[in-house]
Every structure is written in C-alpha cells, then in structure tokens.
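**Student:** Got a structure for you, data35.pdb, holding PDB, C-alpha atoms.
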```
ATOM      1  CA  MET A 720     -59.325 -92.578 -35.863
ATOM      2  CA  ASN A 721     -56.564 -90.113 -36.752
ATOM      3  CA  ASP A 722     -53.185 -90.404 -35.106
ATOM      4  CA  LEU A 723     -53.204 -87.152 -33.216
ATOM      5  CA  THR A 724     -51.546 -88.450 -30.081
ATOM      6  CA  ALA A 725     -48.656 -85.977 -30.255
ATOM      7  CA  LYS A 726     -51.002 -83.182 -29.281
ATOM      8  CA  PRO A 727     -52.298 -82.712 -25.733
ATOM      9  CA  PRO A 728     -55.743 -84.158 -25.091
ATOM     10  CA  TYR A 729     -58.845 -82.014 -25.387
ATOM     11  CA  GLU A 730     -59.883 -82.269 -21.785
ATOM     12  CA  TRP A 731     -62.768 -80.581 -20.025
ATOM     13  CA  ASP A 732     -60.730 -77.568 -18.902
ATOM     14  CA  VAL A 733     -59.558 -76.646 -22.412
ATOM     15  CA  ALA A 734     -62.890 -77.313 -24.120
ATOM     16  CA  THR A 735     -64.306 -73.861 -24.833
ATOM     17  CA  VAL A 736     -67.856 -73.151 -25.875
ATOM     18  CA  GLY A 737     -67.674 -71.822 -29.425
ATOM     19  CA  ASP A 738     -64.762 -74.028 -30.531
ATOM     20  CA  THR A 739     -65.530 -74.504 -34.211
ATOM     21  CA  LEU A 740     -64.302 -74.906 -37.785
ATOM     22  CA  PRO A 741     -65.159 -73.294 -41.109
ATOM     23  CA  PRO A 742     -68.306 -74.811 -42.663
ATOM     24  CA  ARG A 743     -67.949 -77.958 -44.746
ATOM     25  CA  ASP A 744     -69.867 -78.961 -47.869
ATOM     26  CA  THR A 745     -70.971 -82.551 -48.454
ATOM     27  CA  THR A 746     -72.561 -83.617 -51.730
ATOM     28  CA  VAL A 747     -75.223 -86.225 -51.094
ATOM     29  CA  GLY A 748     -74.541 -88.578 -53.947
ATOM     30  CA  TYR A 749     -76.715 -91.592 -54.554
ATOM     31  CA  ASP A 750     -73.643 -93.680 -53.739
ATOM     32  CA  LEU A 751     -73.890 -92.388 -50.172
ATOM     33  CA  VAL A 752     -77.535 -93.455 -49.948
ATOM     34  CA  GLN A 753     -76.564 -96.855 -51.343
ATOM     35  CA  LEU A 754     -73.816 -97.108 -48.735
ATOM     36  CA  TYR A 755     -76.362 -96.333 -46.012
ATOM     37  CA  MET A 756     -78.682 -99.039 -47.317
ATOM     38  CA  ASP A 757     -75.833-101.559 -47.508
ATOM     39  CA  THR A 758     -74.485-100.810 -44.048
ATOM     40  CA  SER A 759     -77.798-100.504 -42.228
ATOM     41  CA  GLY A 760     -79.945-102.992 -44.121
ATOM     42  CA  ASP A 761     -82.648-100.309 -44.301
ATOM     43  CA  ARG A 762     -84.292-100.667 -47.741
ATOM     44  CA  ASN A 763     -87.098 -98.130 -47.479
ATOM     45  CA  PRO A 764     -88.462 -97.768 -51.041
ATOM     46  CA  VAL A 765     -88.580 -93.956 -50.828
ATOM     47  CA  PHE A 766     -84.769 -94.031 -51.026
ATOM     48  CA  THR A 767     -84.907 -95.578 -54.508
ATOM     49  CA  ASP A 768     -88.386 -95.271 -56.055
ATOM     50  CA  ALA A 769     -88.902 -91.696 -57.271
ATOM     51  CA  ALA A 770     -92.486 -92.287 -58.408
ATOM     52  CA  LEU A 771     -93.464 -93.719 -55.027
ATOM     53  CA  ALA A 772     -91.675 -90.877 -53.238
ATOM     54  CA  ARG A 773     -93.537 -88.255 -55.303
ATOM     55  CA  SER A 774     -96.841 -89.999 -54.592
ATOM     56  CA  CYS A 775     -96.076 -89.463 -50.893
ATOM     57  CA  GLY A 776     -95.666 -85.736 -51.392
ATOM     58  CA  LEU A 777     -91.889 -85.842 -51.445
ATOM     59  CA  PRO A 778     -89.875 -83.995 -54.105
ATOM     60  CA  GLY A 779     -88.296 -87.270 -55.247
ATOM     61  CA  THR A 780     -86.224 -89.953 -53.595
ATOM     62  CA  THR A 781     -85.063 -88.839 -50.174
ATOM     63  CA  VAL A 782     -82.273 -89.515 -47.749
ATOM     64  CA  PRO A 783     -82.909 -91.347 -44.463
ATOM     65  CA  ALA A 784     -83.138 -89.217 -41.337
ATOM     66  CA  SER A 785     -80.383 -91.145 -39.646
ATOM     67  CA  MET A 786     -77.900 -90.099 -42.350
ATOM     68  CA  ALA A 787     -77.762 -86.681 -40.663
ATOM     69  CA  MET A 788     -74.665 -87.726 -38.787
ATOM     70  CA  ARG A 789     -72.979 -88.685 -42.068
ATOM     71  CA  VAL A 790     -73.894 -85.689 -44.244
ATOM     72  CA  ALA A 791     -73.458 -83.197 -41.398
ATOM     73  CA  SER A 792     -71.150 -84.723 -38.812
ATOM     74  CA  THR A 793     -69.966 -82.990 -35.641
ATOM     75  CA  ARG A 794     -66.329 -83.149 -36.829
ATOM     76  CA  ARG A 795     -65.371 -82.920 -33.188
ATOM     77  CA  THR A 796     -61.982 -84.628 -33.627
ATOM     78  CA  THR A 797     -61.149 -82.124 -36.374
ATOM     79  CA  ILE A 798     -62.305 -79.231 -34.186
ATOM     80  CA  MET A 799     -59.959 -80.450 -31.466
ATOM     81  CA  ASP A 800     -57.130 -80.860 -33.963
ATOM     82  CA  ALA A 801     -57.600 -77.339 -35.331
ATOM     83  CA  LYS A 802     -57.316 -76.006 -31.807
ATOM     84  CA  GLY A 803     -54.088 -77.927 -31.264
ATOM     85  CA  TYR A 804     -55.471 -80.821 -29.264
ATOM     86  CA  SER A 805     -56.177 -84.487 -29.755
ATOM     87  CA  HIS A 806     -59.177 -86.569 -28.782
ATOM     88  CA  PRO A 807     -58.597 -87.946 -25.263
ATOM     89  CA  VAL A 808     -57.228 -91.490 -25.341
ATOM     90  CA  ARG A 809     -60.446 -92.922 -24.027
ATOM     91  CA  PRO A 810     -63.892 -93.288 -25.508
ATOM     92  CA  THR A 811     -66.372 -90.548 -24.700
ATOM     93  CA  PRO A 812     -69.802 -92.214 -24.652
ATOM     94  CA  PHE A 813     -72.632 -90.832 -26.732
ATOM     95  CA  ALA A 814     -75.228 -89.732 -24.189
ATOM     96  CA  LYS A 815     -77.955 -87.916 -26.113
ATOM     97  CA  TRP A 816     -79.032 -86.908 -29.635
ATOM     98  CA  GLU A 817     -81.571 -84.161 -30.250
ATOM     99  CA  CYS A 818     -82.208 -83.565 -33.936
ATOM    100  CA  GLU A 819     -84.687 -81.525 -35.918
ATOM    101  CA  PHE A 820     -85.236 -81.924 -39.666
ATOM    102  CA  PHE A 821     -86.734 -78.952 -41.475
ATOM    103  CA  ALA A 822     -86.854 -80.161 -45.081
ATOM    104  CA  PRO A 823     -86.257 -83.377 -46.992
ATOM    105  CA  ILE A 824     -82.731 -84.073 -48.234
ATOM    106  CA  THR A 825     -82.561 -85.501 -51.734
ATOM    107  CA  PRO A 826     -79.696 -87.085 -53.680
ATOM    108  CA  GLY A 827     -77.723 -84.343 -55.397
ATOM    109  CA  ASP A 828     -78.165 -81.855 -52.571
ATOM    110  CA  VAL A 829     -75.056 -80.104 -51.300
ATOM    111  CA  ILE A 830     -75.232 -79.817 -47.530
ATOM    112  CA  THR A 831     -73.226 -77.091 -45.834
ATOM    113  CA  ALA A 832     -72.745 -77.835 -42.157
ATOM    114  CA  ASN A 833     -71.473 -75.712 -39.289
ATOM    115  CA  SER A 834     -70.240 -77.545 -36.205
ATOM    116  CA  GLN A 835     -69.262 -76.154 -32.823
ATOM    117  CA  LEU A 836     -69.004 -76.905 -29.140
ATOM    118  CA  ASP A 837     -72.348 -75.557 -27.989
ATOM    119  CA  HIS A 838     -72.192 -75.957 -24.239
ATOM    120  CA  LYS A 839     -70.739 -77.873 -21.294
ATOM    121  CA  TYR A 840     -72.504 -79.108 -18.206
ATOM    122  CA  GLU A 841     -72.065 -81.311 -15.180
ATOM    123  CA  LYS A 842     -74.702 -83.690 -13.894
ATOM    124  CA  ASN A 843     -74.609 -86.456 -11.303
ATOM    125  CA  GLY A 844     -70.834 -86.393 -11.084
ATOM    126  CA  ARG A 845     -70.225 -86.541 -14.835
ATOM    127  CA  LYS A 846     -69.052 -83.845 -17.225
ATOM    128  CA  TYR A 847     -70.681 -83.524 -20.641
ATOM    129  CA  LEU A 848     -69.845 -81.705 -23.872
ATOM    130  CA  VAL A 849     -72.641 -80.803 -26.282
ATOM    131  CA  TRP A 850     -71.825 -80.366 -29.973
ATOM    132  CA  LYS A 851     -74.212 -78.446 -32.202
ATOM    133  CA  VAL A 852     -74.512 -78.883 -35.954
ATOM    134  CA  THR A 853     -76.626 -76.709 -38.236
ATOM    135  CA  ALA A 854     -76.918 -77.527 -41.921
ATOM    136  CA  ARG A 855     -78.417 -75.901 -45.007
ATOM    137  CA  ASN A 856     -78.874 -77.131 -48.547
ATOM    138  CA  GLN A 857     -77.558 -75.499 -51.741
ATOM    139  CA  ARG A 858     -80.587 -73.176 -51.784
ATOM    140  CA  GLY A 859     -79.723 -71.896 -48.325
ATOM    141  CA  GLU A 860     -82.707 -73.642 -46.754
ATOM    142  CA  PRO A 861     -82.169 -75.058 -43.264
ATOM    143  CA  VAL A 862     -82.393 -78.845 -43.373
ATOM    144  CA  ILE A 863     -80.964 -80.156 -40.087
ATOM    145  CA  GLU A 864     -80.096 -78.887 -36.653
ATOM    146  CA  TYR A 865     -78.925 -81.221 -33.938
ATOM    147  CA  ARG A 866     -77.145 -81.408 -30.611
ATOM    148  CA  SER A 867     -74.996 -84.391 -29.828
ATOM    149  CA  THR A 868     -73.928 -84.925 -26.211
ATOM    150  CA  ASN A 869     -70.890 -86.913 -25.087
ATOM    151  CA  ALA A 870     -69.956 -87.901 -21.541
ATOM    152  CA  TRP A 871     -66.438 -86.470 -21.319
ATOM    153  CA  GLU A 872     -65.275 -87.214 -17.793
ATOM    154  CA  GLY A 873     -66.549 -88.946 -14.723
ATOM    155  CA  SER A 874     -66.565 -92.718 -14.803
ATOM    156  CA  LYS A 875     -68.198 -94.362 -11.801
ATOM    157  CA  PRO A 876     -67.839 -97.692 -10.041
ATOM    158  CA  GLY A 877     -70.275-100.047 -11.694
ATOM    159  CA  ASP A 878     -70.131 -98.442 -15.132
ATOM    160  CA  ARG A 879     -68.215-101.376 -16.564
ATOM    161  CA  SER A 880     -70.936-103.824 -15.636
ATOM    162  CA  ARG A 881     -73.859-101.712 -16.800
TER
ATOM    163  CA  MET B 671     -88.843-105.019 -40.628
ATOM    164  CA  THR B 672     -92.252-104.418 -39.032
ATOM    165  CA  GLU B 673     -95.866-104.450 -40.045
ATOM    166  CA  LYS B 674     -96.756-101.323 -42.015
ATOM    167  CA  CYS B 675     -99.658 -99.192 -40.867
ATOM    168  CA  VAL B 676    -101.454 -97.262 -43.569
ATOM    169  CA  ARG B 677    -104.669 -96.453 -41.742
ATOM    170  CA  LEU B 678    -104.979 -93.161 -39.942
ATOM    171  CA  SER B 679    -107.133 -94.905 -37.339
ATOM    172  CA  ASP B 680    -104.076 -96.871 -36.220
ATOM    173  CA  ILE B 681    -102.221 -93.685 -35.407
ATOM    174  CA  GLN B 682    -104.176 -92.574 -32.389
ATOM    175  CA  ARG B 683    -102.930 -91.473 -28.986
ATOM    176  CA  GLY B 684    -102.090 -94.419 -26.776
ATOM    177  CA  ASN B 685    -101.775 -96.954 -29.562
ATOM    178  CA  GLN B 686     -98.758 -99.237 -29.318
ATOM    179  CA  LEU B 687     -96.702 -99.968 -32.415
ATOM    180  CA  PRO B 688     -95.594-103.522 -33.106
ATOM    181  CA  SER B 689     -92.353-104.046 -31.191
ATOM    182  CA  HIS B 690     -89.096-104.784 -32.931
ATOM    183  CA  ILE B 691     -86.385-107.158 -31.720
ATOM    184  CA  TRP B 692     -82.839-106.177 -32.592
ATOM    185  CA  ASN B 693     -80.218-108.900 -32.236
ATOM    186  CA  VAL B 694     -76.999-106.919 -31.985
ATOM    187  CA  THR B 695     -73.913-108.467 -33.570
ATOM    188  CA  GLN B 696     -70.339-107.225 -33.798
ATOM    189  CA  LYS B 697     -70.540-107.806 -37.546
ATOM    190  CA  ASP B 698     -73.500-105.415 -37.813
ATOM    191  CA  ILE B 699     -71.686-102.851 -35.670
ATOM    192  CA  GLU B 700     -68.653-102.980 -37.952
ATOM    193  CA  ARG B 701     -70.770-102.838 -41.093
ATOM    194  CA  PHE B 702     -72.619 -99.742 -39.867
ATOM    195  CA  GLY B 703     -69.206 -98.276 -39.052
ATOM    196  CA  ASP B 704     -68.401 -98.442 -42.769
ATOM    197  CA  LEU B 705     -70.873 -95.572 -43.151
ATOM    198  CA  LEU B 706     -69.572 -93.295 -40.401
ATOM    199  CA  TYR B 707     -65.918 -94.274 -39.999
ATOM    200  CA  PRO B 708     -64.757 -96.486 -42.868
ATOM    201  CA  PRO B 709     -61.287 -98.046 -42.810
ATOM    202  CA  SER B 710     -58.637 -95.754 -44.250
ATOM    203  CA  LYS B 711     -55.193 -96.359 -45.730
ATOM    204  CA  SER B 712     -53.589 -94.890 -42.632
ATOM    205  CA  ASN B 713     -55.820 -96.851 -40.259
ATOM    206  CA  PRO B 714     -57.206 -99.928 -42.037
ATOM    207  CA  SER B 715     -58.084-101.703 -38.791
ATOM    208  CA  ARG B 716     -59.839 -98.631 -37.354
ATOM    209  CA  SER B 717     -57.732 -98.747 -34.207
ATOM    210  CA  GLY B 718     -58.878 -96.255 -31.618
ATOM    211  CA  ASN B 719     -62.515 -96.720 -32.525
ATOM    212  CA  PRO B 720     -64.603 -97.620 -29.453
ATOM    213  CA  HIS B 721     -67.097 -99.617 -31.510
ATOM    214  CA  ILE B 722     -64.554-101.749 -33.347
ATOM    215  CA  ASP B 723     -61.188-101.780 -31.508
ATOM    216  CA  LYS B 724     -61.551-104.126 -28.519
ATOM    217  CA  GLU B 725     -58.325-103.029 -26.835
ATOM    218  CA  TYR B 726     -59.251 -99.371 -27.034
ATOM    219  CA  ALA B 727     -62.824-100.071 -25.992
ATOM    220  CA  ALA B 728     -61.519-101.791 -22.859
ATOM    221  CA  LYS B 729     -60.509 -98.288 -21.677
ATOM    222  CA  HIS B 730     -64.130 -97.266 -21.998
ATOM    223  CA  ILE B 731     -66.019 -96.410 -18.841
ATOM    224  CA  TYR B 732     -68.255 -99.288 -19.951
ATOM    225  CA  GLY B 733     -65.259-101.623 -20.237
ATOM    226  CA  GLY B 734     -65.740-102.939 -23.741
ATOM    227  CA  ILE B 735     -67.242-102.548 -27.189
ATOM    228  CA  THR B 736     -70.486-100.622 -27.281
ATOM    229  CA  VAL B 737     -72.893 -99.882 -30.105
ATOM    230  CA  ASP B 738     -72.649 -96.399 -31.605
ATOM    231  CA  GLY B 739     -75.690 -94.397 -30.504
ATOM    232  CA  ASN B 740     -76.060 -93.310 -34.126
ATOM    233  CA  HIS B 741     -76.612 -96.964 -34.991
ATOM    234  CA  THR B 742     -79.324 -97.257 -32.347
ATOM    235  CA  VAL B 743     -80.982 -94.113 -33.708
ATOM    236  CA  ALA B 744     -80.877 -95.580 -37.210
ATOM    237  CA  VAL B 745     -82.595 -98.785 -36.048
ATOM    238  CA  ILE B 746     -85.320 -96.808 -34.241
ATOM    239  CA  CYS B 747     -85.905 -94.531 -37.247
ATOM    240  CA  GLU B 748     -86.044 -97.514 -39.588
ATOM    241  CA  MET B 749     -88.593 -99.198 -37.348
ATOM    242  CA  LEU B 750     -90.837 -96.140 -37.370
ATOM    243  CA  ALA B 751     -90.418 -95.562 -41.104
ATOM    244  CA  CYS B 752     -91.354 -99.177 -41.802
ATOM    245  CA  TRP B 753     -94.474 -99.009 -39.667
ATOM    246  CA  LEU B 754     -95.660 -95.600 -40.817
ATOM    247  CA  PRO B 755     -96.920 -94.649 -44.276
ATOM    248  CA  ASP B 756     -94.242 -94.305 -46.954
ATOM    249  CA  GLY B 757     -92.619 -90.910 -46.802
ATOM    250  CA  ALA B 758     -92.737 -90.492 -43.039
ATOM    251  CA  MET B 759     -89.380 -89.807 -41.365
ATOM    252  CA  THR B 760     -87.852 -88.336 -44.534
ATOM    253  CA  SER B 761     -90.317 -85.539 -45.288
ATOM    254  CA  GLY B 762     -88.706 -82.882 -43.084
ATOM    255  CA  ASP B 763     -90.808 -81.826 -40.083
ATOM    256  CA  THR B 764     -89.226 -84.624 -38.094
ATOM    257  CA  GLU B 765     -87.730 -84.389 -34.637
ATOM    258  CA  VAL B 766     -85.739 -87.111 -32.903
ATOM    259  CA  ASN B 767     -84.740 -86.862 -29.219
ATOM    260  CA  ILE B 768     -83.017 -89.943 -27.856
ATOM    261  CA  THR B 769     -81.007 -90.473 -24.648
ATOM    262  CA  PHE B 770     -78.729 -93.465 -24.109
ATOM    263  CA  PRO B 771     -78.809 -94.197 -20.355
ATOM    264  CA  ASN B 772     -77.060 -97.571 -20.528
ATOM    265  CA  PRO B 773     -74.655 -99.130 -23.024
ATOM    266  CA  CYS B 774     -75.795-101.414 -25.800
ATOM    267  CA  ARG B 775     -73.284-104.191 -26.387
ATOM    268  CA  PRO B 776     -72.581-106.891 -28.973
ATOM    269  CA  ASP B 777     -74.839-109.935 -28.503
ATOM    270  CA  ASP B 778     -77.476-107.892 -26.710
ATOM    271  CA  ILE B 779     -81.071-108.571 -27.641
ATOM    272  CA  ILE B 780     -82.876-105.254 -27.745
ATOM    273  CA  ALA B 781     -86.661-104.940 -27.663
ATOM    274  CA  ILE B 782     -87.759-101.614 -29.112
ATOM    275  CA  GLN B 783     -91.208-100.353 -28.178
ATOM    276  CA  ALA B 784     -93.027 -97.280 -29.413
ATOM    277  CA  SER B 785     -96.420 -95.783 -28.737
ATOM    278  CA  VAL B 786     -98.356 -92.793 -30.013
ATOM    279  CA  LEU B 787     -98.075 -89.867 -27.596
ATOM    280  CA  ASP B 788     -99.898 -87.215 -29.572
ATOM    281  CA  THR B 789    -101.267 -86.353 -33.001
ATOM    282  CA  ALA B 790    -102.115 -83.091 -34.744
ATOM    283  CA  GLN B 791    -103.576 -82.200 -38.107
ATOM    284  CA  GLN B 792    -101.695 -79.461 -39.938
ATOM    285  CA  PRO B 793    -102.009 -77.837 -43.372
ATOM    286  CA  LYS B 794     -99.081 -79.875 -44.728
ATOM    287  CA  GLY B 795    -100.263 -83.181 -43.320
ATOM    288  CA  TYR B 796    -100.553 -85.033 -40.075
ATOM    289  CA  LEU B 797     -98.008 -84.845 -37.270
ATOM    290  CA  ALA B 798     -97.602 -87.577 -34.683
ATOM    291  CA  THR B 799     -95.291 -87.899 -31.714
ATOM    292  CA  PHE B 800     -94.155 -91.301 -30.484
ATOM    293  CA  SER B 801     -92.452 -92.332 -27.289
ATOM    294  CA  VAL B 802     -89.698 -94.845 -27.982
ATOM    295  CA  GLU B 803     -87.749 -97.109 -25.699
ATOM    296  CA  GLY B 804     -85.199 -99.870 -26.199
ATOM    297  CA  ARG B 805     -84.451-102.395 -23.456
ATOM    298  CA  ASN B 806     -81.828-105.106 -23.392
ATOM    299  CA  GLN B 807     -82.339-108.715 -22.355
ATOM    300  CA  ASN B 808     -81.783-107.712 -18.715
ATOM    301  CA  GLY B 809     -84.516-105.091 -18.832
ATOM    302  CA  LYS B 810     -82.098-102.163 -18.825
ATOM    303  CA  ILE B 811     -83.052 -99.178 -20.945
ATOM    304  CA  ILE B 812     -80.422 -98.511 -23.617
ATOM    305  CA  ALA B 813     -82.360 -95.813 -25.484
ATOM    306  CA  VAL B 814     -85.353 -93.693 -24.566
ATOM    307  CA  GLY B 815     -86.980 -90.607 -25.966
ATOM    308  CA  SER B 816     -89.437 -89.359 -28.533
ATOM    309  CA  VAL B 817     -89.826 -88.975 -32.272
ATOM    310  CA  THR B 818     -92.167 -86.582 -34.059
ATOM    311  CA  THR B 819     -92.810 -86.900 -37.780
ATOM    312  CA  ARG B 820     -95.179 -85.707 -40.461
ATOM    313  CA  PHE B 821     -97.182 -88.066 -42.632
ATOM    314  CA  PRO B 822     -97.755 -87.459 -46.302
ATOM    315  CA  PRO B 823    -100.641 -85.069 -47.008
ATOM    316  CA  ASP B 824    -102.688 -87.587 -48.986
ATOM    317  CA  LEU B 825    -103.042 -89.852 -45.937
ATOM    318  CA  SER B 826    -104.805 -87.175 -43.962
ATOM    319  CA  ALA B 827    -107.056 -86.159 -46.857
TER
END
```
Could the structure of this file be written out as structure tokens, please?

**Tutor:**
Amino acid sequence: MNDLTAKPPYEWDVATVGDTLPPRDTTVGYDLVQLYMDTSGDRNPVFTDAALARSCGLPGTTVPASMAMRVASTRRTTIMDAKGYSHPVRPTPFAKWECEFFAPITPGDVITANSQLDHKYEKNGRKYLVWKVTARNQRGEPVIEYRSTNAWEGSKPGDRSR
Amino acid sequence: MTEKCVRLSDIQRGNQLPSHIWNVTQKDIERFGDLLYPPSKSNPSRSGNPHIDKEYAAKHIYGGITVDGNHTVAVICEMLACWLPDGAMTSGDTEVNITFPNPCRPDDIIAIQASVLDTAQQPKGYLATFSVEGRNQNGKIIAVGSVTTRFPPDLSA
C-alpha cells in the first residue's frame, strides 16, 4: 500500500458520492493473462488456445472474468489521495461484488475504466461505501460494469471470532 | 479442477454441480496478491495490506489475515468455467453477484456448491443462472450469490 499517512483519513463523513478520477487506460497484454494463470492456478485453455476459443464462438483467446478487478480496478486509494485523504489505517472488508460483463476481453484490448464512489449506506449498524467501475474497450464498446462494496465503519463484538 | 459438463441435459434447473473443496493457504493468498497488489520498490513487503501484513490485519474488524474477496470470486468463476463448456464465463453476457457475509481465513477448508437456478435459450446461445455458496469447515457461509453466463452457440444448436 502507498505511504499516504500524512494525509487525513478518508472517513465516512468526508466520503462524497461522485468522488472520482480521470479515466485510466490499461492494455491487456498476454503477460497479464499469464500472470493471472500463474497466480491463480487457473489454466482454462480458452486463455491460450485460439483455435479452441474460436470453436466456442469467441473472437480468439479471452481474458478470465475475474481479471476485471485487475484491468479495471476501483483505484479507491488513488481517489482518496487525489481528494487529499489517505486510506484509513484499518482494513475495510470487501462485502459485496456485483459485476456485469457485456463483451469478451481479448489480449491486446485497451480497457478504459472510470471509477467513482457510487453511493453510501448504513445497514445493521455498519456503514458501507460502494465503488462503481465502468469500462470500455478501444472500440468504445462497454465491456464491464461493477459495484464493489466495502464495510467502512462499524465493527461489532464478535467480529474477530467470526 | 472439477468434472466438465458438455451435455446440455446436465444444465437443467435444480441440477447440482460437482462441489469443489478449496484448501486456503497463506501462500496461495500471497501468490494471488501478486496479481492485484504486487510488491513494489517502495513497499517490498506489502506492509499495510490486510491479506499479507499480519500486524496490519490484526487491526481488522476480523482480527487477522483474511482472503481477498476477489480471490474467492476467482475460485468460484474458475470452478464454473471448468464445469461448463469451454468458452463459458469469458464470452461476455456474464453476471456475477457475490456477497461475503463472513471472513475466509488462511487454513480454512471451503466447500463451494453451485446449482442451476434457471436457463433460457437466446439467439446468441444458452443462458444459465447458478446459485453459488461457499462454506468453511465450521459451516459458516463465506460467499453466497449467483452467477449468470452464456454458453457457446454451438452447444445449444
């Protein structure tokens, strides 16, 4: 994680819906797919076998769905930094992921992602921040949209033994 | 990872997929972290990372290292992709909705179950929705939700 401790923490009260950054481009090189395979152990042949992938109706080798968070990350720490804040000095548990894929992503694609704080809510004594990411490929086609929810405040007795 | 299903008849509402057992190790957590938050020159030990830095993770509401939810999603997606015909889960027309109600920790043994909730034939292929659930060795749910994906057109021909 970045050393951003000199800045005040991005707490619930300063988190503002719409906090964002300029879009970021990520080129999906085959090296990134290889890194995914090496780190996850997932060796699905459609990641490497173009002929097989085409026989399945795909445009060629494709990128695993779960690489969405790598090619189009929330960049939430950077959003906080740009606003003049740091990530709170405590973990903020990942509570929910809701993701829709509209088109296959293939090696060589350039993914342009927009990230923002989409909304805030409170439930059962906890406070949650929801980050939204929308991403398009180099042809302007939507490829991914997801919402990633983090529990921001509100630890409870018993959490540590769950 | 799991037995592959290539027959449409296996993908019918109510059918259970073969379950998958995930033995969670700290080594696997750190290796997956190389994808999302690799060590850097300024932070080679990845201090401040709740999935790798034990001291920092102790400040966690869960009191220790937990698995990144992205890692859990990756395991679930891999399980479905292995079971389904080649091309599923990467063809677009895929939706993943997963909630993490309890932490997943190193050394947990997670049993992941999935069953077919619904199917639909469409011009571009066959869509199916699965319920998915991961439970730890104590029976606590660490991930629950649904996944919808499209199968290659030739399967539904």

**Student:** Given 5 Å of margin on each side, can you work out the centre and size in Å (one decimal) of an axis-aligned box holding every listed atom of region 730-747 of chain B, as lines of an AutoDock Vina configuration file?

**Tutor:**
```
center_x = -75.0
center_y = -98.1
center_z = -28.0
size_x = 31.8
size_y = 19.6
size_z = 28.4
```

**Student:** Name the residues that the PyMOL selection byres ((chain A) within 8 of (chain B)) picks from the file above, as number ranges by chain, using the file's chain letters and numbers.

**Tutor:** A: 720-721, 754-755, 758-759, 761, 763-765, 772, 775-777, 781-785, 788-789, 809-811, 813-824, 862, 874-875, 878-881

**Student:** Between CA of Leu740 (chain A) and CA of Tyr840 (chain A), what is the distance, to one decimal in Å?

**Tutor:**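 Between these atoms lies a distance of 21.6 Å.
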
**Student:** Determine the residue membership of the PyMOL selection byres ((chain A and resi 750) around 12) for the file above and supply it as a VMD selection string.

**Tutor:** (chain A and resid 746 to 749 751 to 757 766 to 767 782 826 to 827) or (chain B and resid 705)

**Student:** Tell me which of A:Ala832, A:Leu848, A:Ala870, A:Ala725 sits closest to Thr745 (chain A), counting only C-alpha atoms.

**Tutor:**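 Ranking A:Ala832, A:Leu848, A:Ala870, A:Ala725 by distance to Thr745 (chain A), first place goes to A:Ala832.
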
**Student:** Could you please determine the separation between CA of Lys802 (chain A) and CA of Gly873 (chain A) in Å, to one decimal place?

**Tutor:** 23.3 Å

**Student:** Can you work out the spacing between CA of Thr739 (chain A) and CA of Gln835 (chain A) in Å, to one decimal?

**Tutor:**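 CA of Gln835 (chain A) lies at a distance of 4.3 Å from CA of Thr739 (chain A).
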